[in-house]
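Undergrad: If it helps, the file is called data-v9.txt and holds compact mmCIF, C-alpha atoms:
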# COMPACT_ATOMS: atom_id res chain seq x y z
CA MET A 1 83.40 -1.34 60.64
CA LYS A 2 80.02 -0.41 62.08
CA ARG A 3 80.53 -2.85 64.97
CA LYS A 4 83.94 -1.30 65.85
CA ALA A 5 82.51 2.21 65.63
CA ALA A 6 79.66 1.21 67.90
CA LEU A 7 82.08 -0.29 70.43
CA ARG A 8 84.20 2.86 70.42
CA GLU A 9 81.11 4.95 71.07
CA SER A 10 80.22 2.67 74.00
CA GLY A 11 83.72 3.02 75.41
CA ASP A 12 83.57 6.80 75.07
CA SER A 13 80.24 6.80 76.82
CA GLY A 14 81.75 4.70 79.63
CA ASN A 15 84.68 7.10 79.99
CA ASN A 16 82.33 10.06 80.30
CA ILE A 17 80.50 8.33 83.13
CA LEU A 18 83.79 7.47 84.87
CA VAL A 19 84.87 11.10 84.79
CA ARG A 20 81.95 11.94 87.02
CA THR A 21 83.10 9.65 89.88
CA SER A 22 85.34 10.99 92.61
CA ASN A 23 86.88 7.66 93.60
CA PRO A 24 89.89 6.86 91.41
CA VAL A 25 90.27 3.45 93.05
CA GLU A 26 86.86 2.35 91.84
CA ARG A 27 87.47 3.66 88.36
CA PRO A 28 89.01 0.48 86.91
CA PHE A 29 86.25 -1.68 88.32
CA GLU A 30 83.56 0.73 87.11
CA LYS A 31 85.17 0.86 83.69
CA THR A 32 85.20 -2.91 83.39
CA HIS A 33 81.62 -3.10 84.68
CA PHE A 34 80.27 -0.53 82.23
CA SER A 35 82.17 -1.92 79.26
CA PHE A 36 80.59 -5.31 79.83
CA GLU A 37 77.11 -3.76 80.06
CA SER A 38 77.80 -1.75 76.93
CA LEU A 39 78.82 -4.88 75.02
CA VAL A 40 75.63 -6.66 76.04
CA THR A 41 73.55 -3.62 75.16
CA MET A 42 75.20 -3.23 71.78
CA ALA A 43 74.79 -6.93 71.03
CA LEU A 44 71.09 -6.57 71.67
CA LEU A 45 70.95 -3.42 69.53
CA VAL A 46 72.77 -5.14 66.66
CA SER A 47 70.36 -8.09 66.84
CA TRP A 48 67.38 -5.75 66.89
CA PHE A 49 68.75 -3.81 63.92
CA ALA A 50 69.34 -6.99 61.90
CA ILE A 51 65.81 -8.24 62.58
CA SER A 52 64.32 -4.85 61.68
CA LEU A 53 66.29 -4.74 58.44
CA CYS A 54 65.14 -8.25 57.52
CA LEU A 55 61.51 -7.36 58.18
CA ALA A 56 61.83 -4.17 56.15
CA GLN A 57 63.30 -6.08 53.22
CA THR A 58 60.51 -8.68 53.41
CA SER A 59 57.86 -5.97 53.49
CA SER A 60 59.50 -4.18 50.56
CA SER A 61 59.73 -7.32 48.41
CA ALA A 62 56.06 -8.13 49.12
CA GLY A 63 55.10 -4.95 47.25
CA LYS A 64 57.07 -5.74 44.10
CA HIS A 65 55.93 -7.50 40.95
CA ALA A 66 57.49 -10.79 39.87
CA ILE A 67 57.73 -13.43 37.13
CA LYS A 68 58.16 -17.15 37.75
CA LYS A 69 58.60 -19.99 35.24
CA GLU A 70 57.66 -23.63 35.86
CA VAL A 71 57.22 -26.78 33.79
CA PHE A 72 53.50 -27.57 33.34
CA GLY A 73 53.71 -30.78 31.32
CA LYS A 74 54.61 -32.35 27.99
CA LEU A 75 52.80 -32.48 24.66
CA PRO A 76 52.29 -35.82 22.88
CA ASP A 77 55.31 -35.01 20.68
CA GLY A 78 57.50 -34.67 23.79
CA ASN A 79 57.83 -30.89 23.76
CA VAL A 80 57.85 -29.32 27.20
CA VAL A 81 55.12 -26.83 28.09
CA ASP A 82 55.99 -24.06 30.54
CA VAL A 83 53.73 -21.86 32.61
CA TYR A 84 54.70 -18.32 33.56
CA THR A 85 53.27 -16.70 36.68
CA LEU A 86 53.09 -12.90 36.54
CA THR A 87 52.34 -11.09 39.80
CA ASN A 88 51.88 -7.34 40.22
CA ALA A 89 52.68 -5.15 43.23
CA GLN A 90 49.17 -5.61 44.65
CA GLY A 91 49.32 -9.40 44.46
CA MET A 92 47.08 -9.81 41.40
CA GLU A 93 48.31 -12.86 39.50
CA VAL A 94 48.00 -14.31 36.00
CA ARG A 95 49.40 -17.69 34.89
CA ILE A 96 50.03 -18.16 31.16
CA MET A 97 51.17 -21.20 29.18
CA ASN A 98 53.39 -21.06 26.14
CA PHE A 99 51.05 -23.71 24.68
CA GLY A 100 48.22 -21.83 22.97
CA GLY A 101 49.11 -18.68 24.89
CA ILE A 102 46.49 -19.98 27.32
CA VAL A 103 45.63 -18.03 30.46
CA LEU A 104 45.50 -20.82 33.04
CA SER A 105 44.32 -18.67 35.91
CA LEU A 106 43.68 -15.05 36.78
CA ARG A 107 43.49 -14.14 40.46
CA VAL A 108 41.96 -10.73 41.19
CA PRO A 109 40.81 -9.10 44.44
CA ASP A 110 37.20 -8.59 45.53
CA ARG A 111 35.93 -5.61 47.54
CA ASN A 112 37.58 -7.03 50.68
CA GLY A 113 40.90 -7.71 48.97
CA LYS A 114 40.28 -11.47 48.72
CA LEU A 115 41.90 -13.01 45.65
CA ASP A 116 39.97 -15.54 43.55
CA ASP A 117 40.59 -17.19 40.20
CA VAL A 118 38.02 -15.70 37.79
CA VAL A 119 38.68 -17.71 34.59
CA LEU A 120 37.64 -21.24 33.66
CA GLY A 121 40.22 -23.86 32.75
CA PHE A 122 41.88 -27.13 33.72
CA ASP A 123 44.39 -28.15 36.39
CA SER A 124 46.51 -30.27 34.03
CA LEU A 125 47.73 -30.01 30.45
CA GLU A 126 46.04 -33.00 28.79
CA PRO A 127 42.45 -31.65 28.71
CA TYR A 128 43.65 -28.57 26.83
CA PHE A 129 44.44 -30.59 23.70
CA ILE A 130 41.78 -33.27 24.12
CA ASN A 131 38.48 -31.59 24.99
CA ASN A 132 38.94 -27.85 25.27
CA PRO A 133 36.37 -25.22 24.25
CA HIS A 134 39.24 -22.75 23.76
CA PHE A 135 39.50 -21.85 27.47
CA GLY A 136 41.74 -18.79 27.81
CA SER A 137 43.41 -19.29 24.42
CA ILE A 138 44.90 -17.03 21.78
CA ILE A 139 42.65 -17.44 18.75
CA GLY A 140 43.97 -17.24 15.17
CA ARG A 141 44.53 -16.98 12.35
CA TYR A 142 40.89 -16.06 12.23
CA ALA A 143 38.74 -15.68 15.33
CA ASN A 144 35.07 -16.62 15.03
CA ARG A 145 33.48 -18.28 12.00
CA ILE A 146 34.18 -18.38 8.28
CA ALA A 147 31.16 -19.65 6.34
CA ASN A 148 31.44 -23.00 4.55
CA GLY A 149 35.14 -23.10 5.29
CA LYS A 150 36.12 -21.02 2.27
CA PHE A 151 36.88 -17.51 1.04
CA THR A 152 38.20 -15.91 -2.15
CA LEU A 153 41.17 -13.55 -2.11
CA ASP A 154 42.82 -11.96 -5.16
CA GLY A 155 40.85 -14.30 -7.41
CA VAL A 156 41.94 -17.47 -5.60
CA GLU A 157 39.53 -19.60 -3.58
CA TYR A 158 40.97 -20.97 -0.35
CA THR A 159 39.48 -23.99 1.40
CA LEU A 160 39.77 -24.38 5.15
CA PRO A 161 39.03 -27.33 7.47
CA LYS A 162 35.45 -27.38 8.73
CA ASN A 163 35.40 -27.86 12.47
CA ASN A 164 32.05 -26.27 13.37
CA GLY A 165 29.31 -27.84 11.26
CA PRO A 166 29.74 -26.36 7.78
CA ASN A 167 32.02 -23.61 9.09
CA THR A 168 35.62 -23.00 10.07
CA LEU A 169 35.79 -21.81 13.69
CA HIS A 170 38.68 -20.08 15.47
CA GLY A 171 41.36 -20.85 12.91
CA GLY A 172 40.52 -24.46 12.14
CA VAL A 173 41.39 -27.83 13.61
CA LYS A 174 44.82 -26.69 14.79
CA GLY A 175 44.56 -22.98 15.31
CA PHE A 176 46.83 -20.74 17.38
CA ASP A 177 45.29 -22.20 20.54
CA LYS A 178 46.96 -25.56 19.86
CA VAL A 179 50.53 -24.60 18.99
CA LEU A 180 53.65 -24.06 21.08
CA TRP A 181 54.74 -20.42 21.22
CA GLN A 182 58.22 -19.10 21.96
CA ALA A 183 58.05 -17.24 25.27
CA GLU A 184 60.15 -14.42 26.68
CA PRO A 185 59.37 -12.70 30.00
CA SER A 186 60.13 -9.02 30.52
CA GLU A 187 59.79 -6.47 33.29
CA SER A 188 59.53 -2.70 33.72
CA LYS A 189 59.08 -0.36 36.68
CA LYS A 190 55.28 -0.66 36.73
CA SER A 191 54.54 -3.95 34.99
CA VAL A 192 55.57 -7.49 34.12
CA ALA A 193 55.02 -9.03 30.71
CA LEU A 194 55.24 -12.22 28.67
CA VAL A 195 56.05 -11.96 24.97
CA LEU A 196 54.90 -14.89 22.81
CA ARG A 197 55.96 -15.50 19.21
CA TYR A 198 54.76 -17.96 16.58
CA THR A 199 55.13 -18.17 12.80
CA SER A 200 52.25 -19.83 10.97
CA LYS A 201 53.55 -21.37 7.77
CA ASN A 202 52.05 -20.78 4.34
CA GLY A 203 49.12 -23.17 3.87
CA GLU A 204 48.70 -23.94 7.58
CA GLU A 205 45.00 -24.74 8.12
CA GLY A 206 44.47 -23.61 4.52
CA PHE A 207 45.48 -19.96 5.00
CA PRO A 208 47.91 -18.29 2.58
CA GLY A 209 51.22 -16.68 3.54
CA ASN A 210 53.81 -17.06 6.26
CA LEU A 211 52.37 -15.12 9.17
CA ALA A 212 54.79 -14.04 11.93
CA THR A 213 52.77 -13.24 15.04
CA THR A 214 53.68 -11.67 18.38
CA VAL A 215 51.32 -11.54 21.34
CA THR A 216 52.33 -9.69 24.50
CA TYR A 217 50.55 -10.10 27.83
CA THR A 218 51.27 -7.24 30.25
CA LEU A 219 50.17 -7.17 33.88
CA THR A 220 50.38 -3.66 35.31
CA ASP A 221 50.52 -2.49 38.91
CA ALA A 222 47.18 -0.75 38.21
CA ASP A 223 45.45 -4.18 38.02
CA GLU A 224 45.25 -4.16 34.23
CA LEU A 225 45.89 -7.11 31.93
CA ALA A 226 46.76 -5.78 28.48
CA ILE A 227 47.07 -7.96 25.38
CA ASP A 228 48.93 -6.58 22.36
CA TYR A 229 48.83 -8.40 19.02
CA GLU A 230 51.16 -7.84 16.08
CA ALA A 231 51.59 -9.74 12.81
CA ILE A 232 53.29 -9.46 9.41
CA THR A 233 52.90 -11.63 6.31
CA ASP A 234 54.63 -12.31 3.02
CA LYS A 235 51.33 -12.92 1.21
CA ALA A 236 47.88 -11.38 1.55
CA THR A 237 45.86 -13.27 4.17
CA PRO A 238 42.91 -12.70 6.51
CA VAL A 239 43.91 -12.08 10.14
CA ASN A 240 41.59 -11.71 13.13
CA LEU A 241 43.17 -12.38 16.52
CA THR A 242 41.58 -12.44 19.97
CA SER A 243 41.75 -13.98 23.44
CA HIS A 244 39.03 -16.45 24.42
CA GLY A 245 38.82 -15.95 28.17
CA TYR A 246 35.86 -17.53 29.99
CA PHE A 247 35.16 -15.24 32.96
CA ASN A 248 33.18 -15.65 36.15
CA LEU A 249 33.87 -12.73 38.47
CA ALA A 250 32.38 -14.58 41.45
CA GLY A 251 35.09 -17.23 41.02
CA GLN A 252 35.55 -19.98 38.46
CA GLY A 253 33.12 -22.89 38.81
CA THR A 254 31.06 -21.26 41.57
CA GLY A 255 27.83 -21.02 39.57
CA ASP A 256 26.27 -19.27 36.59
CA VAL A 257 26.93 -15.67 35.59
CA LEU A 258 23.30 -14.70 35.04
CA ALA A 259 23.38 -12.16 37.91
CA HIS A 260 26.47 -10.40 36.50
CA GLU A 261 25.59 -6.88 35.37
CA LEU A 262 26.73 -6.21 31.81
CA LEU A 263 27.12 -3.02 29.80
CA ILE A 264 28.12 -3.19 26.11
CA ASN A 265 29.03 0.06 24.40
CA ALA A 266 27.23 -0.72 21.13
CA ASP A 267 24.15 0.61 19.33
CA ARG A 268 24.23 -2.20 16.74
CA PHE A 269 24.85 -5.92 16.60
CA ILE A 270 25.34 -8.47 13.80
CA PRO A 271 22.41 -10.90 13.36
CA VAL A 272 23.27 -14.50 12.40
CA ASP A 273 21.59 -17.37 10.57
CA LYS A 274 20.99 -20.91 11.83
CA ASN A 275 24.71 -21.71 11.39
CA LEU A 276 25.64 -18.59 13.38
CA ILE A 277 27.00 -16.90 10.26
CA PRO A 278 26.34 -13.14 9.82
CA THR A 279 23.47 -12.24 7.54
CA GLY A 280 25.34 -9.06 6.57
CA GLU A 281 22.95 -6.78 8.44
CA LEU A 282 24.04 -4.40 11.21
CA ARG A 283 20.89 -4.26 13.33
CA PRO A 284 20.08 -1.67 16.03
CA VAL A 285 20.02 -3.18 19.52
CA GLN A 286 17.27 -0.81 20.64
CA GLY A 287 14.09 -2.68 21.45
CA THR A 288 15.82 -6.09 21.46
CA PRO A 289 17.16 -8.34 24.25
CA LEU A 290 20.64 -7.48 22.94
CA ASP A 291 20.48 -3.88 24.18
CA PHE A 292 23.10 -3.50 26.91
CA ASN A 293 23.71 0.21 26.47
CA LYS A 294 22.37 0.46 30.00
CA ALA A 295 23.72 -2.17 32.36
CA ALA A 296 21.44 -5.19 32.79
CA THR A 297 21.97 -8.64 34.23
CA ILE A 298 23.06 -11.26 31.72
CA GLY A 299 20.11 -13.42 32.70
CA ALA A 300 17.43 -10.73 32.53
CA ARG A 301 16.42 -11.47 28.92
CA ILE A 302 18.48 -14.52 27.96
CA LYS A 303 15.38 -16.78 27.81
CA ASP A 304 13.30 -14.34 25.76
CA ASN A 305 11.58 -15.80 22.72
CA TYR A 306 13.67 -13.72 20.36
CA GLU A 307 14.88 -15.39 17.17
CA GLN A 308 18.55 -14.49 17.65
CA LEU A 309 18.63 -15.87 21.19
CA VAL A 310 16.83 -19.04 20.10
CA LEU A 311 19.28 -19.66 17.26
CA ALA A 312 22.34 -19.23 19.50
CA HIS A 313 20.84 -20.84 22.64
CA GLY A 314 21.64 -17.57 24.39
CA TYR A 315 24.07 -14.82 23.48
CA ASP A 316 26.69 -15.52 20.82
CA HIS A 317 26.77 -12.30 18.85
CA ASN A 318 29.19 -9.68 17.64
CA PHE A 319 28.48 -6.10 18.71
CA VAL A 320 29.60 -3.03 16.76
CA ILE A 321 31.45 -0.87 19.29
CA ASN A 322 30.48 2.81 19.40
CA ARG A 323 33.75 4.42 18.36
CA LYS A 324 34.95 8.00 18.76
CA GLY A 325 38.34 7.37 17.15
CA SER A 326 40.88 4.69 16.31
CA GLY A 327 42.41 4.27 19.78
CA LEU A 328 41.28 2.36 22.84
CA GLU A 329 37.52 2.48 23.31
CA LEU A 330 35.33 1.02 26.03
CA ALA A 331 33.81 -2.19 24.68
CA ALA A 332 32.09 -3.53 27.79
CA ARG A 333 31.87 -3.36 31.56
CA VAL A 334 30.84 -6.22 33.87
CA HIS A 335 30.02 -5.98 37.59
CA GLU A 336 29.50 -8.93 39.92
CA PRO A 337 27.36 -7.76 42.89
CA SER A 338 28.24 -10.35 45.54
CA THR A 339 32.04 -9.81 45.35
CA GLY A 340 32.04 -6.28 43.98
CA ARG A 341 34.48 -7.25 41.23
CA VAL A 342 34.41 -5.16 38.05
CA VAL A 343 36.13 -5.60 34.71
CA GLU A 344 36.20 -2.91 32.05
CA ILE A 345 37.35 -3.95 28.59
CA TYR A 346 38.96 -1.42 26.27
CA THR A 347 40.04 -2.21 22.72
CA THR A 348 41.19 -0.88 19.37
CA GLU A 349 39.00 -3.45 17.59
CA PRO A 350 35.69 -2.59 15.84
CA GLY A 351 33.68 -5.36 17.51
CA VAL A 352 33.26 -7.53 20.56
CA GLN A 353 31.74 -11.01 20.60
CA PHE A 354 29.55 -11.63 23.64
CA TYR A 355 29.17 -15.33 24.35
CA SER A 356 27.25 -16.62 27.38
CA ALA A 357 28.86 -20.10 27.42
CA ASN A 358 25.73 -21.67 25.94
CA PHE A 359 27.45 -24.92 24.99
CA LEU A 360 28.93 -25.78 28.36
CA ASP A 361 26.73 -28.70 29.41
CA GLY A 362 28.19 -30.18 32.58
CA THR A 363 30.39 -32.74 30.81
CA LEU A 364 33.62 -30.85 31.57
CA THR A 365 35.28 -30.91 34.97
CA GLY A 366 37.58 -27.97 35.42
CA LYS A 367 39.93 -26.59 38.05
CA GLN A 368 39.51 -27.78 41.64
CA GLY A 369 37.18 -30.53 40.41
CA ARG A 370 34.42 -28.07 39.59
CA VAL A 371 31.88 -29.02 36.94
CA TYR A 372 31.20 -26.39 34.27
CA ARG A 373 27.56 -26.03 33.29
CA GLN A 374 25.66 -23.82 30.87
CA HIS A 375 26.16 -20.07 31.48
CA TYR A 376 28.90 -20.67 34.07
CA ALA A 377 30.99 -18.01 32.30
CA PHE A 378 30.84 -15.13 29.90
CA CYS A 379 33.22 -14.31 27.05
CA LEU A 380 33.82 -10.84 25.62
CA GLU A 381 36.16 -11.40 22.69
CA THR A 382 37.41 -8.20 21.07
CA GLN A 383 37.80 -8.73 17.33
CA HIS A 384 36.77 -7.89 13.78
CA PHE A 385 33.42 -9.16 12.55
CA PRO A 386 32.77 -12.87 11.86
CA ASP A 387 33.10 -14.09 8.26
CA SER A 388 34.51 -10.73 7.12
CA PRO A 389 36.42 -12.26 4.17
CA ASN A 390 33.01 -13.15 2.67
CA HIS A 391 31.38 -9.78 3.48
CA PRO A 392 32.97 -6.90 1.51
CA SER A 393 30.84 -4.38 3.42
CA PHE A 394 32.48 -5.32 6.73
CA PRO A 395 35.78 -3.71 7.83
CA SER A 396 38.57 -5.57 6.03
CA THR A 397 40.61 -8.22 7.81
CA ILE A 398 43.07 -8.70 4.94
CA LEU A 399 46.71 -8.15 5.87
CA LYS A 400 49.08 -7.53 2.96
CA PRO A 401 52.87 -7.74 2.66
CA GLY A 402 54.49 -4.55 3.94
CA GLN A 403 51.65 -3.92 6.41
CA THR A 404 51.67 -4.66 10.14
CA TYR A 405 48.62 -5.96 11.92
CA THR A 406 48.27 -4.35 15.36
CA SER A 407 45.56 -4.69 17.97
CA ARG A 408 45.35 -3.90 21.69
CA THR A 409 42.86 -4.91 24.37
CA VAL A 410 43.01 -3.95 28.05
CA TYR A 411 41.11 -5.67 30.87
CA LYS A 412 40.97 -3.25 33.81
CA PHE A 413 39.96 -4.86 37.10
CA SER A 414 38.61 -3.12 40.19
CA ALA A 415 36.03 -3.62 42.91
CA ASP A 416 33.22 -1.51 44.31
CA LYS A 417 33.48 -0.30 47.91
CA LYS A 418 29.96 -1.25 48.95
What do you get writing this file as structure tokens?
TA:
Amino acid sequence: MKRKAALRESGDSGNNILVRTSNPVERPFEKTHFSFESLVTMALLVSWFAISLCLAQTSSSAGKHAIKKEVFGKLPDGNVVDVYTLTNAQGMEVRIMNFGGIVLSLRVPDRNGKLDDVVLGFDSLEPYFINNPHFGSIIGRYANRIANGKFTLDGVEYTLPKNNGPNTLHGGVKGFDKVLWQAEPSESKKSVALVLRYTSKNGEEGFPGNLATTVTYTLTDADELAIDYEAITDKATPVNLTSHGYFNLAGQGTGDVLAHELLINADRFIPVDKNLIPTGELRPVQGTPLDFNKAATIGARIKDNYEQLVLAHGYDHNFVINRKGSGLELAARVHEPSTGRVVEIYTTEPGVQFYSANFLDGTLTGKQGRVYRQHYAFCLETQHFPDSPNHPSFPSTILKPGQTYTSRTVYKFSADKK
């Protein structure tokens, strides 16, 4: 219809021109001549319009967020593992597996808009269930350590597998980082999300109760990665969930993070013993190498002859976040000077575990063939305190039937304009 209308307009235009001539004999020839020119002109205009429309649609789609699903591999039992790629309107991208809820990669812009992957991990599936220090995983049922692999609840002693010396670490031998989650992508006007669900059966890794867990990753168009945790149980059980991302804001595998500038919003930390189990004390950070209330480089004091640093071979401590209420609170802020990248971490949790990747020793080869050495990453795991089931003075981690466990952490990325 548009083409016919355009042709009629060209014909009308030709008639108007013909009216101006005084030679009626030439009129038919002029009419034929101008109609041919009009057809050529309109053909060119139609082509130009089509190309312009195509370019406009391409430009428009480039500014929209998206979700893509691909097969990543198979587990030894034959189950297929999928990876979901979430991209926001600015091009920031996160790739998440339904195995372990693992963040495979996280590409964020530097001060010049250049995207780099800022989390450690592997290029293939196999290393994640063979020799994985929990890279990018969902951790549960209980993040961090439980002393001697046991706790008592409602008069019953529960025994857990010991997978970290005398302790249970990060949920046991087969924690939430080693199970296949049900995945469901979703989308809204300003974000894309991946909803993961898993039910841990009563007695799994020694924990009581059937625990139905939902973890939602949301990538917003404001360059935020939010993680929401929710769980219900049919029997009282300890629950402490977190994400174990290994970050290097200069780019994964490019070197150590000792020049990263770190601020932790905490006046107190939790000292540990030789097995990295809390002593029960909440110690002021003031006057210690663990004082990050003012931003300092991670490497500034990491080699100090301070008992807590010696025991942990660096930083591996839970900090008590300075809270003003029960909502989202700033836990930490990290700035990488060479790229300008910044991440601010907000959480509803009472604590954050700062780990300086002390036990990476160069034996792991990660993405793009890069070798991961000591201090090549930092972890800031928002959570309740370690070994809380054995420390009544700590905030309780016991979830009871009829209650709903909820927790939210937001990683907000930006870059300085230096």
Undergrad: Which residues are close to Pro401 (chain A), i.e. within 6 Å by all atoms listed in the file, leaving aside same-chain residues fewer than 2 positions away? Reply as a CSV table (one decimal) with C-alpha atoms, keeping the file's coordinate frame.
TA:
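Saved result, selection-v3.csv, follows:
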chain,number,residue,atom,x,y,z
A,233,THR,CA,52.9,-11.6,6.3
A,234,ASP,CA,54.6,-12.3,3.0
A,235,LYS,CA,51.3,-12.9,1.2
A,403,GLN,CA,51.6,-3.9,6.4
Undergrad: One decimal, in Å: what's the spacing between CA of Val215 (chain A) and CA of Tyr355 (chain A)?
TA: 22.7 Å
Undergrad: Give me the residues near Val342 (chain A) as a compact mmCIF listing (two decimals) with C-alpha atoms, in the frame of the given file, where near means some atom within 9 Å (using only C-alpha atoms) and where sequence neighbours in that chain fewer than 5 positions away do not count.
TA:
# COMPACT_ATOMS: atom_id res chain seq x y z
CA ASP A 110 37.20 -8.59 45.53
CA LEU A 249 33.87 -12.73 38.47
CA ARG A 333 31.87 -3.36 31.56
CA VAL A 334 30.84 -6.22 33.87
CA HIS A 335 30.02 -5.98 37.59
CA GLU A 336 29.50 -8.93 39.92
CA PRO A 337 27.36 -7.76 42.89
CA LYS A 412 40.97 -3.25 33.81
CA PHE A 413 39.96 -4.86 37.10
CA SER A 414 38.61 -3.12 40.19
CA ALA A 415 36.03 -3.62 42.91
CA ASP A 416 33.22 -1.51 44.31
Undergrad: Can you work out the spacing between CA of Val352 (chain A) and CA of Met92 (chain A) in Å, to one decimal?
TA: 25.1 Å
Undergrad: Could you pull the residues within 8 Å of Ile227 (chain A), counting only C-alpha atoms, minus those fewer than 6 positions along the same chain, as a list in words?
TA: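 Contacts, in chain order: Val215, Thr216, Tyr217, Thr218, Arg408, Thr409 and Val410 of chain A.
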Undergrad: Grab the residues selected above and save them as a PDB file, in the coordinates of the input with C-alpha atoms.
TA:
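Generated output (again19.pdb):
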ATOM      1  CA  VAL A 215      51.320 -11.540  21.340  1.00  0.00           C
ATOM      2  CA  THR A 216      52.330  -9.690  24.500  1.00  0.00           C
ATOM      3  CA  TYR A 217      50.550 -10.100  27.830  1.00  0.00           C
ATOM      4  CA  THR A 218      51.270  -7.240  30.250  1.00  0.00           C
ATOM      5  CA  ARG A 408      45.350  -3.900  21.690  1.00  0.00           C
ATOM      6  CA  THR A 409      42.860  -4.910  24.370  1.00  0.00           C
ATOM      7  CA  VAL A 410      43.010  -3.950  28.050  1.00  0.00           C
TER       8      VAL A 410
END
Undergrad: So how many Å separate CA of Thr199 (chain A) and CA of Phe99 (chain A), to one decimal?
TA: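 CA of Phe99 (chain A) lies at a distance of 13.7 Å from CA of Thr199 (chain A).
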Undergrad: Tell me, as a list in words, which residues lie within 10 Å of region 151-156 of chain A, counting all atoms listed in the file; anything in the same chain fewer than 5 positions away does not count.
TA: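 Close residues of region 151-156 of chain A: Ile146, Phe207, Pro208, Ala236, Thr237, Pro238, Asp387, Ser388, Pro389, Asn390, His391 and Ile398 of chain A.
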Undergrad: Within 6 Å of (26.4, -15.1, 25.7) in the file's own coordinates, which protein, DNA or RNA residues have an atom, counting only C-alpha atoms? List them as a list in words.
TA: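 Neighbouring residues, ordered by chain and number, come to Gly314, Tyr315, Asp316, Phe354, Tyr355, Ser356 and Ala357 of chain A.
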Undergrad: Show me as JSON, numbers by chain the residues that reach within 8 Å of (42.7, -23.1, 14.6), counting all atoms listed in the file and using the file's own coordinates.
TA: {"A": [139, 140, 141, 142, 169, 170, 171, 172, 173, 174, 175, 176, 177, 178, 205]}
Undergrad: Of the residues A:Thr254, A:Thr382, A:Gln308, A:Thr220, which is the one nearest to Val94 (chain A), using only C-alpha atoms?
TA: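 Checking each of A:Thr254, A:Thr382, A:Gln308, A:Thr220 against Val94 (chain A), counting only C-alpha atoms, the winner is A:Thr220.
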Undergrad: Fewer than 2 positions away in the same chain doesn't count, so skip those; otherwise give me all residues within 9 Å of Ile302 (chain A), counting only C-alpha atoms, as a list in words.
TA: Leu258, Pro289, Leu290, Ile298, Gly299, Ala300, Asp304, Asn305, Leu309, His313, Gly314 and Tyr315 of chain A
